[in-house]
>>> print(open('target21.txt').read())   # compact mmCIF, C-alpha atoms
# COMPACT_ATOMS: atom_id res chain seq x y z
CA MET A 5 -9.12 208.13 -73.12
CA PRO A 6 -11.01 211.42 -72.83
CA LYS A 7 -10.12 214.21 -75.19
CA ARG A 8 -8.35 217.12 -73.56
CA VAL A 9 -9.12 220.83 -73.84
CA PHE A 10 -6.92 223.66 -72.60
CA ILE A 11 -8.62 227.02 -72.11
CA LYS A 12 -6.56 230.16 -71.53
CA THR A 13 -8.57 233.10 -70.23
CA TYR A 14 -7.58 236.72 -70.72
CA GLY A 15 -9.07 239.79 -69.07
CA CYS A 16 -12.19 240.26 -67.05
CA GLN A 17 -14.20 238.08 -64.68
CA MET A 18 -16.88 237.72 -67.35
CA ASN A 19 -14.35 235.87 -69.48
CA VAL A 20 -13.57 233.64 -66.49
CA TYR A 21 -17.28 232.84 -66.26
CA ASP A 22 -17.51 232.24 -70.03
CA SER A 23 -14.54 229.88 -69.96
CA ALA A 24 -16.15 227.83 -67.20
CA ARG A 25 -19.35 227.56 -69.24
CA MET A 26 -17.36 226.49 -72.31
CA ALA A 27 -15.82 223.67 -70.27
CA GLU A 28 -19.30 222.55 -69.17
CA LEU A 29 -20.51 222.73 -72.77
CA LEU A 30 -17.63 220.55 -73.99
CA ALA A 31 -17.84 217.89 -71.26
CA PRO A 32 -20.66 215.93 -72.99
CA LEU A 33 -18.44 215.78 -76.09
CA GLY A 34 -15.82 213.93 -74.05
CA TYR A 35 -13.46 216.84 -73.41
CA ALA A 36 -11.75 216.97 -70.01
CA LEU A 37 -9.96 220.12 -68.86
CA SER A 38 -6.19 220.16 -69.15
CA GLU A 39 -3.86 222.50 -67.26
CA ARG A 40 -1.41 222.71 -70.17
CA PRO A 41 -1.71 223.10 -73.94
CA GLU A 42 0.82 220.32 -74.52
CA GLY A 43 -0.99 217.14 -75.49
CA SER A 44 -4.37 218.86 -75.75
CA ASP A 45 -6.79 218.01 -78.54
CA LEU A 46 -8.38 221.45 -78.40
CA VAL A 47 -6.84 224.76 -77.32
CA ILE A 48 -9.12 227.75 -76.75
CA LEU A 49 -7.83 231.28 -76.20
CA ASN A 50 -10.68 233.27 -74.64
CA THR A 51 -9.53 236.80 -75.36
CA CYS A 52 -10.10 240.33 -74.07
CA HIS A 53 -9.81 243.51 -76.14
CA ILE A 54 -9.78 246.09 -73.34
CA ARG A 55 -6.09 246.29 -72.48
CA GLU A 56 -3.36 247.76 -74.64
CA LYS A 57 -1.80 245.46 -77.25
CA ALA A 58 -4.38 242.76 -76.48
CA ALA A 59 -4.34 241.41 -80.04
CA GLU A 60 -0.53 241.24 -80.17
CA LYS A 61 -0.48 239.17 -77.00
CA VAL A 62 -2.88 236.73 -78.64
CA PHE A 63 -0.74 236.45 -81.78
CA SER A 64 2.33 235.81 -79.63
CA GLU A 65 0.50 233.02 -77.80
CA LEU A 66 -0.70 231.58 -81.10
CA GLY A 67 2.91 231.30 -82.27
CA THR A 68 3.65 229.00 -79.33
CA ILE A 69 0.46 226.97 -79.84
CA ARG A 70 1.23 226.59 -83.56
CA ARG A 71 4.51 224.83 -82.74
CA LEU A 72 2.61 222.37 -80.55
CA GLN A 73 0.05 221.85 -83.31
CA ARG A 74 2.81 221.03 -85.83
CA ALA A 75 4.41 218.57 -83.42
CA ARG A 76 1.10 216.72 -83.11
CA GLU A 77 0.65 216.75 -86.89
CA ARG A 78 4.04 215.06 -87.29
CA ARG A 79 2.74 212.26 -85.04
CA GLY A 80 -0.38 211.94 -87.15
CA GLU A 81 -2.55 213.60 -84.48
CA ARG A 82 -4.91 216.58 -84.60
CA MET A 83 -4.98 219.70 -82.43
CA LEU A 84 -7.77 222.19 -82.99
CA ILE A 85 -6.98 225.82 -82.20
CA ALA A 86 -9.82 228.18 -81.33
CA VAL A 87 -9.80 231.90 -80.57
CA GLY A 88 -12.88 233.23 -78.82
CA GLY A 89 -13.89 236.37 -76.99
CA CYS A 90 -13.58 240.04 -77.81
CA VAL A 91 -10.38 240.01 -79.91
CA ALA A 92 -11.99 237.35 -82.09
CA GLN A 93 -15.13 239.47 -82.38
CA ALA A 94 -13.30 242.69 -83.22
CA GLU A 95 -10.47 241.34 -85.37
CA GLY A 96 -11.64 237.96 -86.64
CA GLU A 97 -10.79 238.59 -90.30
CA GLU A 98 -7.33 239.93 -89.49
CA LEU A 99 -6.76 237.04 -87.10
CA LEU A 100 -7.42 234.43 -89.79
CA ARG A 101 -5.23 236.34 -92.25
CA ARG A 102 -2.26 236.41 -89.88
CA ALA A 103 -2.86 232.97 -88.33
CA PRO A 104 -4.52 230.81 -91.00
CA PHE A 105 -3.83 227.68 -88.94
CA VAL A 106 -6.56 228.70 -86.47
CA ASP A 107 -9.57 226.41 -86.86
CA LEU A 108 -12.28 228.30 -84.97
CA VAL A 109 -12.90 232.01 -84.44
CA PHE A 110 -15.97 232.97 -82.43
CA GLY A 111 -17.28 235.97 -80.53
CA PRO A 112 -18.48 236.08 -76.93
CA GLN A 113 -22.13 235.77 -77.99
CA ALA A 114 -21.59 232.64 -80.08
CA TYR A 115 -19.75 230.16 -77.85
CA HIS A 116 -22.95 228.20 -77.17
CA ARG A 117 -22.46 226.92 -80.74
CA LEU A 118 -19.07 225.37 -79.94
CA PRO A 119 -20.21 221.73 -80.42
CA GLU A 120 -21.47 222.54 -83.93
CA MET A 121 -18.33 224.53 -84.78
CA ILE A 122 -16.04 221.74 -83.57
CA GLY A 123 -17.99 219.21 -85.64
CA ARG A 124 -17.62 221.31 -88.78
CA ALA A 125 -13.88 221.73 -88.19
CA LEU A 126 -13.22 218.06 -87.42
CA HIS A 127 -15.48 216.32 -89.89
CA ARG A 128 -15.66 218.77 -92.77
CA GLY A 129 -12.22 220.31 -92.42
CA GLU A 130 -13.72 223.80 -92.36
CA THR A 131 -12.23 226.93 -90.87
CA VAL A 132 -15.17 228.24 -88.85
CA ARG A 133 -15.78 231.89 -88.06
CA ASP A 134 -18.84 232.94 -86.05
CA THR A 135 -18.72 236.54 -84.92
CA SER A 136 -22.44 237.16 -85.32
CA PHE A 137 -24.82 238.49 -82.71
CA PRO A 138 -27.38 235.65 -82.84
CA PRO A 139 -31.01 236.52 -82.13
CA GLU A 140 -31.30 233.77 -79.55
CA ALA A 141 -29.98 234.32 -76.04
CA LYS A 142 -26.95 232.08 -75.64
CA PHE A 143 -27.87 231.30 -72.03
CA ASP A 144 -30.94 229.42 -73.29
CA TYR A 145 -28.62 227.00 -75.10
CA LEU A 146 -26.05 226.41 -72.37
CA PRO A 147 -26.27 223.43 -70.02
CA ASP A 148 -27.26 224.06 -66.44
CA SER A 149 -24.17 225.02 -64.47
CA ALA A 150 -23.41 222.21 -62.07
CA GLY A 151 -21.48 224.43 -59.66
CA ALA A 152 -17.81 223.52 -59.53
CA GLY A 153 -17.52 223.52 -55.76
CA ALA A 154 -15.72 226.87 -55.57
CA VAL A 155 -16.21 228.83 -52.36
CA SER A 156 -16.49 232.06 -54.36
CA ALA A 157 -18.30 231.92 -57.71
CA PHE A 158 -19.07 234.24 -60.62
CA LEU A 159 -22.53 234.54 -62.15
CA THR A 160 -23.17 236.59 -65.28
CA VAL A 161 -26.54 238.35 -65.09
CA GLN A 162 -26.11 241.02 -67.77
CA GLU A 163 -24.08 241.45 -70.95
CA GLY A 164 -23.40 244.18 -73.44
CA CYS A 165 -23.61 247.94 -73.11
CA ASP A 166 -25.68 250.75 -74.63
CA LYS A 167 -23.55 253.60 -73.28
CA PHE A 168 -21.04 253.86 -76.18
CA CYS A 169 -18.21 255.54 -74.27
CA SER A 170 -15.97 256.94 -77.00
CA PHE A 171 -12.92 254.92 -75.87
CA CYS A 172 -14.62 251.54 -75.42
CA VAL A 173 -15.06 248.53 -77.72
CA VAL A 174 -17.59 246.66 -75.55
CA PRO A 175 -20.73 247.72 -77.48
CA TYR A 176 -19.05 246.46 -80.66
CA THR A 177 -17.74 243.18 -79.25
CA ARG A 178 -20.44 242.24 -76.72
CA GLY A 179 -23.40 243.93 -78.34
CA ALA A 180 -26.44 245.65 -76.87
CA GLU A 181 -27.46 245.31 -73.24
CA PHE A 182 -29.15 242.04 -72.39
CA SER A 183 -30.38 240.99 -68.95
CA ARG A 184 -31.06 237.38 -68.05
CA PRO A 185 -34.49 236.58 -66.58
CA ALA A 186 -34.44 236.74 -62.78
CA ALA A 187 -35.71 233.16 -62.46
CA ALA A 188 -32.76 231.86 -64.51
CA VAL A 189 -30.30 233.81 -62.37
CA LEU A 190 -31.84 232.52 -59.14
CA ALA A 191 -31.82 228.94 -60.42
CA GLU A 192 -28.13 229.14 -61.33
CA ALA A 193 -27.34 230.76 -57.98
CA GLU A 194 -29.12 227.89 -56.20
CA ARG A 195 -26.98 225.37 -58.10
CA LEU A 196 -23.80 227.26 -57.23
CA VAL A 197 -24.73 227.37 -53.54
CA ALA A 198 -25.62 223.67 -53.60
CA GLY A 199 -22.15 223.07 -55.06
CA GLY A 200 -20.47 224.85 -52.14
CA ALA A 201 -20.42 228.54 -53.05
CA ARG A 202 -20.69 230.86 -50.04
CA GLU A 203 -20.09 234.01 -52.08
CA ILE A 204 -21.44 234.98 -55.50
CA THR A 205 -20.24 237.91 -57.59
CA LEU A 206 -22.83 239.10 -60.10
CA LEU A 207 -21.20 240.08 -63.38
CA GLY A 208 -22.08 242.35 -66.25
CA GLN A 209 -20.40 244.78 -68.60
CA ASN A 210 -22.78 247.26 -66.99
CA VAL A 211 -24.23 245.13 -64.24
CA ASN A 212 -26.31 247.77 -62.50
CA ALA A 213 -28.20 248.36 -65.76
CA TYR A 214 -29.75 244.96 -65.05
CA HIS A 215 -33.47 244.88 -65.89
CA GLY A 216 -34.37 241.20 -66.05
CA THR A 217 -37.84 239.77 -66.41
CA ALA A 218 -39.34 239.15 -62.95
CA PRO A 219 -40.47 235.62 -61.97
CA ASP A 220 -44.11 236.72 -61.87
CA SER A 221 -44.43 239.76 -64.15
CA GLY A 222 -42.75 243.07 -64.81
CA GLU A 223 -39.00 243.40 -64.34
CA TRP A 224 -36.43 243.54 -61.58
CA ARG A 225 -33.56 245.95 -61.28
CA LEU A 226 -30.31 244.87 -59.67
CA GLY A 227 -31.31 245.92 -56.15
CA ARG A 228 -34.39 243.69 -56.24
CA LEU A 229 -32.37 240.78 -57.63
CA ILE A 230 -29.86 241.14 -54.78
CA GLU A 231 -32.70 241.05 -52.24
CA ALA A 232 -33.97 237.78 -53.71
CA LEU A 233 -30.50 236.22 -53.76
CA ALA A 234 -29.99 237.18 -50.12
CA ALA A 235 -32.87 234.85 -49.22
CA LEU A 236 -30.90 231.79 -50.39
CA PRO A 237 -29.76 229.72 -47.40
CA GLU A 238 -25.99 229.33 -47.09
CA LEU A 239 -25.26 232.27 -49.41
CA ALA A 240 -23.27 234.46 -47.06
CA ARG A 241 -21.90 237.12 -49.41
CA ILE A 242 -23.00 238.96 -52.55
CA ARG A 243 -20.90 241.27 -54.72
CA TYR A 244 -21.40 242.80 -58.17
CA MET A 245 -19.29 244.41 -60.88
CA THR A 246 -18.77 246.40 -63.09
CA SER A 247 -21.07 249.37 -62.54
CA HIS A 248 -21.84 252.65 -64.28
CA PRO A 249 -22.53 255.71 -62.10
CA ARG A 250 -25.65 256.63 -64.11
CA ASP A 251 -27.31 253.31 -63.24
CA VAL A 252 -27.04 253.53 -59.45
CA ASP A 253 -30.73 253.87 -58.58
CA GLU A 254 -32.65 254.10 -55.30
CA THR A 255 -33.30 250.36 -55.10
CA LEU A 256 -29.59 249.62 -55.37
CA VAL A 257 -28.72 252.20 -52.71
CA ALA A 258 -31.40 250.63 -50.50
CA ALA A 259 -29.89 247.18 -51.03
CA HIS A 260 -26.56 248.48 -49.71
CA ARG A 261 -28.41 249.74 -46.65
CA ASP A 262 -30.74 246.78 -46.02
CA VAL A 263 -29.03 243.61 -47.27
CA PRO A 264 -26.28 242.47 -44.90
CA GLN A 265 -25.05 239.85 -47.38
CA LEU A 266 -24.16 242.62 -49.85
CA MET A 267 -20.51 243.39 -49.15
CA PRO A 268 -19.47 246.99 -48.33
CA PHE A 269 -17.13 247.22 -51.30
CA LEU A 270 -18.09 248.67 -54.68
CA HIS A 271 -16.20 249.05 -57.96
CA LEU A 272 -17.61 252.24 -59.48
CA PRO A 273 -15.56 253.50 -62.45
CA VAL A 274 -15.39 257.26 -63.00
CA GLN A 275 -12.49 257.44 -65.55
CA SER A 276 -11.81 261.18 -65.06
CA GLY A 277 -12.53 264.04 -62.68
CA SER A 278 -12.89 266.60 -65.49
CA ASP A 279 -16.34 267.37 -66.88
CA ARG A 280 -14.78 268.36 -70.19
CA VAL A 281 -13.03 265.00 -70.53
CA LEU A 282 -16.08 263.10 -69.29
CA ALA A 283 -18.14 264.75 -72.03
CA ALA A 284 -15.52 263.82 -74.64
CA MET A 285 -15.62 260.26 -73.30
CA ASN A 286 -19.44 260.27 -73.64
CA ARG A 287 -19.71 259.09 -70.05
CA ARG A 288 -23.09 260.83 -69.62
CA HIS A 289 -22.35 262.04 -66.10
CA ARG A 290 -20.44 264.92 -64.56
CA ALA A 291 -17.88 264.74 -61.78
CA ASP A 292 -20.38 266.18 -59.28
CA ASP A 293 -22.96 263.55 -60.32
CA TYR A 294 -20.40 260.93 -59.34
CA ARG A 295 -19.73 262.70 -56.03
CA ARG A 296 -23.45 262.78 -55.21
CA THR A 297 -23.82 259.09 -56.05
CA VAL A 298 -20.93 258.20 -53.75
CA GLU A 299 -22.41 260.39 -51.02
CA ALA A 300 -25.79 258.60 -51.27
CA LEU A 301 -24.12 255.19 -51.12
CA ARG A 302 -22.02 256.15 -48.10
CA ARG A 303 -25.06 257.52 -46.29
CA ALA A 304 -26.72 254.15 -46.85
CA ARG A 305 -23.61 252.15 -45.87
CA PRO A 306 -21.11 254.25 -43.88
CA ASP A 307 -18.43 251.54 -43.98
CA LEU A 308 -18.54 251.32 -47.79
CA ALA A 309 -15.13 251.22 -49.51
CA LEU A 310 -14.68 252.07 -53.16
CA SER A 311 -12.64 250.98 -56.13
CA SER A 312 -12.60 252.69 -59.52
CA ASP A 313 -11.10 252.88 -63.02
CA PHE A 314 -9.17 255.86 -64.38
CA ILE A 315 -7.87 256.72 -67.82
CA VAL A 316 -5.16 259.38 -68.12
CA GLY A 317 -4.04 261.08 -71.31
CA PHE A 318 -7.41 260.87 -73.03
CA PRO A 319 -7.39 262.90 -76.29
CA GLY A 320 -7.58 266.58 -75.43
CA GLU A 321 -6.85 266.15 -71.72
CA ASN A 322 -4.85 269.13 -70.47
CA ASP A 323 -3.06 269.85 -67.19
CA ASP A 324 -6.16 271.38 -65.61
CA ASP A 325 -8.26 268.35 -66.55
CA PHE A 326 -5.73 266.06 -64.93
CA ARG A 327 -5.60 268.20 -61.78
CA ARG A 328 -9.37 267.80 -61.51
CA THR A 329 -8.91 264.03 -61.58
CA LEU A 330 -6.38 264.23 -58.73
CA THR A 331 -8.78 266.46 -56.79
CA LEU A 332 -11.64 263.99 -57.19
CA VAL A 333 -9.43 261.09 -56.07
CA THR A 334 -8.32 263.05 -53.02
CA GLU A 335 -11.90 263.93 -52.10
CA ILE A 336 -13.44 260.47 -52.61
CA GLY A 337 -10.66 258.25 -51.26
CA TYR A 338 -10.27 254.74 -52.69
CA ALA A 339 -9.40 251.43 -51.09
CA GLN A 340 -8.02 250.28 -54.44
CA ALA A 341 -8.23 251.35 -58.07
CA PHE A 342 -7.11 250.56 -61.60
CA SER A 343 -5.48 253.25 -63.73
CA PHE A 344 -4.23 253.19 -67.31
CA LYS A 345 -2.82 255.37 -70.04
CA TYR A 346 -5.29 255.94 -72.84
CA SER A 347 -4.60 253.69 -75.82
CA PRO A 348 -6.66 253.90 -79.02
CA ARG A 349 -9.03 251.06 -79.87
CA PRO A 350 -9.67 250.65 -83.61
CA GLY A 351 -13.19 251.61 -84.57
CA THR A 352 -13.88 253.77 -81.51
CA PRO A 353 -14.51 257.53 -81.92
CA ALA A 354 -11.64 258.54 -79.63
CA ALA A 355 -9.12 256.66 -81.76
CA ALA A 356 -9.69 259.15 -84.58
CA ALA A 357 -9.42 262.26 -82.38
CA ALA A 358 -6.82 264.75 -83.60
CA ASP A 359 -5.61 265.96 -80.20
CA GLN A 360 -3.86 262.82 -78.95
CA VAL A 361 -1.76 263.37 -75.82
CA PRO A 362 1.99 262.69 -76.21
CA GLU A 363 3.17 259.44 -74.66
CA PRO A 364 5.67 261.06 -72.22
CA VAL A 365 2.88 263.27 -70.84
CA LYS A 366 0.64 260.22 -70.38
CA SER A 367 3.39 258.40 -68.52
CA GLU A 368 4.08 261.36 -66.23
CA ARG A 369 0.40 261.76 -65.36
CA LEU A 370 -0.10 258.05 -64.80
CA ALA A 371 2.85 257.93 -62.40
CA ALA A 372 1.42 260.84 -60.36
CA LEU A 373 -2.06 259.32 -60.24
CA GLN A 374 -0.82 255.87 -59.28
CA GLN A 375 1.31 257.33 -56.50
CA LEU A 376 -1.80 258.95 -55.02
CA LEU A 377 -3.97 255.85 -55.45
CA GLN A 378 -1.34 253.55 -53.95
CA SER A 379 -0.96 255.87 -50.99
CA GLN A 380 -4.72 255.71 -50.39
CA GLN A 381 -4.72 251.92 -50.68
CA HIS A 382 -1.85 251.59 -48.20
CA THR A 383 -3.61 253.97 -45.80
CA PHE A 384 -6.83 251.93 -46.04
CA ASN A 385 -4.99 248.66 -45.47
CA ARG A 386 -2.99 250.01 -42.52
CA ALA A 387 -6.22 251.25 -40.93
CA CYS A 388 -7.32 247.61 -40.79
CA ILE A 389 -4.50 246.67 -38.41
CA GLY A 390 -5.99 245.85 -35.02
CA ARG A 391 -9.47 245.45 -36.47
CA GLU A 392 -11.43 242.21 -36.36
CA LEU A 393 -12.65 241.36 -39.87
CA PRO A 394 -14.84 238.45 -41.01
CA VAL A 395 -12.82 236.55 -43.61
CA LEU A 396 -14.21 233.96 -46.01
CA PHE A 397 -11.39 231.46 -46.49
CA GLU A 398 -11.15 230.04 -50.01
CA LYS A 399 -7.98 227.98 -50.41
CA PRO A 400 -4.58 227.00 -48.98
CA GLY A 401 -1.96 229.75 -48.81
CA ARG A 402 1.64 229.57 -49.95
CA ASP A 403 2.97 228.38 -46.60
CA ALA A 404 2.14 225.11 -44.86
CA GLY A 405 -0.78 225.44 -42.46
CA GLN A 406 -1.86 228.74 -43.99
CA LEU A 407 -5.17 229.63 -45.61
CA VAL A 408 -6.07 232.64 -47.71
CA GLY A 409 -9.45 234.30 -47.97
CA ARG A 410 -11.09 237.65 -48.59
CA SER A 411 -12.21 240.39 -46.24
CA PRO A 412 -15.52 242.19 -46.87
CA TYR A 413 -13.42 244.76 -48.75
CA LEU A 414 -12.01 242.12 -51.13
CA GLN A 415 -8.54 242.25 -49.58
CA PRO A 416 -6.64 238.94 -49.56
CA VAL A 417 -6.10 237.85 -45.93
CA HIS A 418 -3.62 235.17 -44.80
CA ALA A 419 -3.90 233.31 -41.49
CA GLU A 420 -2.73 230.03 -40.00
CA LEU A 421 -5.79 227.79 -39.91
CA PRO A 422 -6.60 224.14 -40.56
CA ALA A 423 -7.89 223.19 -44.00
CA GLU A 424 -11.29 222.42 -42.48
CA GLN A 425 -11.90 226.17 -42.30
CA ILE A 426 -12.02 226.52 -46.11
CA GLY A 427 -15.51 227.68 -47.01
CA LYS A 428 -16.11 229.19 -43.59
CA ILE A 429 -16.19 232.78 -42.40
CA VAL A 430 -13.74 233.29 -39.53
CA ALA A 431 -13.26 236.42 -37.42
CA VAL A 432 -9.63 237.43 -37.94
CA GLU A 433 -7.66 240.05 -36.03
CA ILE A 434 -5.52 241.88 -38.58
CA GLN A 435 -1.89 242.10 -37.48
CA ALA A 436 -0.06 243.36 -40.57
CA ALA A 437 -0.74 245.17 -43.84
CA LEU A 438 1.51 243.83 -46.59
CA ALA A 439 1.97 245.24 -50.10
CA ASN A 440 -1.14 243.60 -51.56
CA SER A 441 -2.70 241.66 -48.70
CA LEU A 442 -3.37 241.51 -44.96
CA ALA A 443 -2.10 239.03 -42.40
CA GLY A 444 -3.78 238.06 -39.15
CA ALA A 445 -4.79 235.41 -36.68
CA PRO A 446 -8.17 234.04 -35.55
CA ALA A 447 -9.74 236.55 -33.20
CA GLY A 448 -9.12 235.73 -29.54
CA GLU A 449 -6.09 233.64 -30.35
CA THR A 450 -3.66 236.58 -30.04
CA ALA A 451 -5.13 237.63 -26.71
CA ALA A 452 -5.03 234.07 -25.38
CA GLU A 453 -1.37 233.71 -26.40
CA ALA A 454 -0.48 237.02 -24.72
CA ALA A 455 -2.20 235.92 -21.50
CA ALA A 456 -0.27 232.66 -21.55
>>> encode(input="target21.txt", output="structure tokens")
Amino acid sequence: MPKRVFIKTYGCQMNVYDSARMAELLAPLGYALSERPEGSDLVILNTCHIREKAAEKVFSELGTIRRLQRARERRGERMLIAVGGCVAQAEGEELLRRAPFVDLVFGPQAYHRLPEMIGRALHRGETVRDTSFPPEAKFDYLPDSAGAGAVSAFLTVQEGCDKFCSFCVVPYTRGAEFSRPAAAVLAEAERLVAGGAREITLLGQNVNAYHGTAPDSGEWRLGRLIEALAALPELARIRYMTSHPRDVDETLVAAHRDVPQLMPFLHLPVQSGSDRVLAAMNRRHRADDYRRTVEALRRARPDLALSSDFIVGFPGENDDDFRRTLTLVTEIGYAQAFSFKYSPRPGTPAAAAADQVPEPVKSERLAALQQLLQSQQHTFNRACIGRELPVLFEKPGRDAGQLVGRSPYLQPVHAELPAEQIGKIVAVEIQAALANSLAGAPAGETAAEAAA
């Protein structure tokens, strides 16, 4: 019987990618993926430290896993518990103090050593902690990704960040910026496409800071990498996230203009519309810099839609600062966005700031911002009604005979289609804008039914 591993993934798409690579790394050791922790020989929690109370959520989950571990021990069986990712990196010592039954603690740059760590835990009975930033690039030690057959796939091309925003833990948990060589990225993309991927999303903590070694000599920026990926047969769509406004260069703007496979949807976090708050955040750009970047992108691709991240209630933010954020949102217009109340992250400069904003004020500002953002999203979705959009269908929908896919603007789209259309791009006439998705029918079908 194969051993079973359950991997629970928290947070960002990069963690989703990392979890998939962990599964590939463990397969030669005889571990098959399980959908449940019950009965698993190894449980891995791949954690994220960005959201509020991230660590407490992990400890709560560990309480449940510990009960399963004890039940197996009573039957004379062994269950290894591992905590990986950014919470492990940032709070590994505290984690082992509060949950001493955890066998493995490892950071996001060390998971390529999982086979060695598991061996030490199983055969030596050690509690293993590896939260180092090893000098070797972990990608050099991972097996070639076989491509899991997913229609839409993630591909990490860049990790880490050198920006040191005052609210962010990424430089401390993921380390300095590192870009994979372009040849390695292209080779993995080819395997993903051969496995059935029609769409690839390039991932990085600061993906448009990509500066990978070129296949011949020199280096490529993200725009040049996208051009090369667009030459792959059968790769119909390219996306990338997450970006920093300071790293949108001319080659990337040109890629949005010249590469049809690059989707007209961009996640470009701004965080605040106030220059004073942006300076306190150490964002290294002003609100007008962001406006000019958006203007250049929209000149290159007039149908471009935007998403963004916003933090309200950052230390020192006053009413005027918040009004500037609302003004920027109104001027730019977003198809979707993510917004959060500021919450301190231990070890970051902003956590020690004296002028913390009261919680009721944060809540009031967040409610006002989200009302504006949701109104913009609903307006954008309603404007799609009656339009014909190319939809890449990925999987069955909730209802029988229904498939769900994504529009170029990343909106979920539901339509009645046979399963054979999974993996294909179908022209869909949008008939309804729901709360978080669109509904439609294959183009031409509605007109044919009306004529009948």
>>> residues_near_point(input="target21.txt", point="(-10.0, 236.0, -75.8)", cutoff="9 Å", atoms="only C-alpha atoms", output="number ranges by chain")
A: 12-15, 19, 48-53, 58-59, 62, 87-92, 111-112
>>> atom_distance(input="target21.txt", atom1="atom CA of A:Leu226", atom2="atom CA of A:Ile426")
29.2 Å
>>> axis_aligned_box(input="target21.txt", around="stretch 186-205 of chain A", padding_each_side="6 Å", output="lines of an AutoDock Vina configuration file")
center_x = -27.9
center_y = 230.5
center_z = -57.3
size_x = 27.6
size_y = 26.8
size_z = 26.5
>>> atom_distance(input="target21.txt", atom1="atom CA of A:Gly43", atom2="atom CA of A:Gly96")
25.9 Å
>>> residues_around(input="target21.txt", residues="A:Phe143", least_positions_apart="6", cutoff="12 Å", atoms="only C-alpha atoms", output="PDB file with C-alpha atoms, in the coordinates of the input")
ATOM      1  CA  ASP A  22     -17.510 232.240 -70.030  1.00  0.00           C
ATOM      2  CA  ARG A  25     -19.350 227.560 -69.240  1.00  0.00           C
ATOM      3  CA  MET A  26     -17.360 226.490 -72.310  1.00  0.00           C
ATOM      4  CA  LEU A  29     -20.510 222.730 -72.770  1.00  0.00           C
ATOM      5  CA  PRO A 112     -18.480 236.080 -76.930  1.00  0.00           C
ATOM      6  CA  GLN A 113     -22.130 235.770 -77.990  1.00  0.00           C
ATOM      7  CA  ALA A 114     -21.590 232.640 -80.080  1.00  0.00           C
ATOM      8  CA  TYR A 115     -19.750 230.160 -77.850  1.00  0.00           C
ATOM      9  CA  HIS A 116     -22.950 228.200 -77.170  1.00  0.00           C
ATOM     10  CA  ARG A 117     -22.460 226.920 -80.740  1.00  0.00           C
ATOM     11  CA  SER A 149     -24.170 225.020 -64.470  1.00  0.00           C
ATOM     12  CA  LEU A 159     -22.530 234.540 -62.150  1.00  0.00           C
ATOM     13  CA  THR A 160     -23.170 236.590 -65.280  1.00  0.00           C
ATOM     14  CA  VAL A 161     -26.540 238.350 -65.090  1.00  0.00           C
ATOM     15  CA  GLN A 162     -26.110 241.020 -67.770  1.00  0.00           C
ATOM     16  CA  GLU A 163     -24.080 241.450 -70.950  1.00  0.00           C
ATOM     17  CA  PHE A 182     -29.150 242.040 -72.390  1.00  0.00           C
ATOM     18  CA  SER A 183     -30.380 240.990 -68.950  1.00  0.00           C
ATOM     19  CA  ARG A 184     -31.060 237.380 -68.050  1.00  0.00           C
ATOM     20  CA  PRO A 185     -34.490 236.580 -66.580  1.00  0.00           C
ATOM     21  CA  ALA A 188     -32.760 231.860 -64.510  1.00  0.00           C
ATOM     22  CA  VAL A 189     -30.300 233.810 -62.370  1.00  0.00           C
ATOM     23  CA  GLU A 192     -28.130 229.140 -61.330  1.00  0.00           C
TER      24      GLU A 192
END
>>> closest_residue(input="target21.txt", among="A:Ser23, A:Ala240, A:His289, A:Gly227", to="A:His260", atoms="all atoms listed in the file")
A:Gly227
>>> closest_residue(input="target21.txt", among="A:Ala180, A:Ala259, A:Val298, A:Leu30", to="A:Glu120", atoms="all atoms listed in the file")
A:Leu30
>>> residues_around(input="target21.txt", residues="A:Gln375", least_positions_apart="6", cutoff="12 Å", atoms="all atoms listed in the file", output="PyMOL selection string")
chain A and resi 330+333-334+340-343+368-369+381-382
>>> residues_around(input="target21.txt", residues="A:Pro422", least_positions_apart="2", cutoff="7 Å", atoms="only C-alpha atoms", output="PyMOL selection string")
chain A and resi 405+424-425
>>> atom_distance(input="target21.txt", atom1="atom CA of A:Gly277", atom2="atom CA of A:Val252")
18.2 Å
>>> residues_around(input="target21.txt", residues="A:Arg225", least_positions_apart="6", cutoff="10 Å", atoms="all atoms listed in the file", output="mmCIF file with C-alpha atoms, in the coordinates of the input")
data_model
loop_
_atom_site.group_PDB
_atom_site.id
_atom_site.type_symbol
_atom_site.label_atom_id
_atom_site.label_comp_id
_atom_site.auth_asym_id
_atom_site.auth_seq_id
_atom_site.Cartn_x
_atom_site.Cartn_y
_atom_site.Cartn_z
ATOM 1 C CA SER A 183 -30.380 240.990 -68.950
ATOM 2 C CA ALA A 186 -34.440 236.740 -62.780
ATOM 3 C CA VAL A 211 -24.230 245.130 -64.240
ATOM 4 C CA ASN A 212 -26.310 247.770 -62.500
ATOM 5 C CA ALA A 213 -28.200 248.360 -65.760
ATOM 6 C CA TYR A 214 -29.750 244.960 -65.050
ATOM 7 C CA HIS A 215 -33.470 244.880 -65.890
ATOM 8 C CA GLY A 216 -34.370 241.200 -66.050
ATOM 9 C CA THR A 217 -37.840 239.770 -66.410
ATOM 10 C CA ALA A 218 -39.340 239.150 -62.950
ATOM 11 C CA ASP A 251 -27.310 253.310 -63.240
ATOM 12 C CA ASP A 253 -30.730 253.870 -58.580
ATOM 13 C CA THR A 255 -33.300 250.360 -55.100
ATOM 14 C CA LEU A 256 -29.590 249.620 -55.370
#
>>> closest_residue(input="target21.txt", among="A:Arg280, A:His248, A:Arg328, A:Arg391", to="A:Tyr294", atoms="all atoms listed in the file")
A:His248
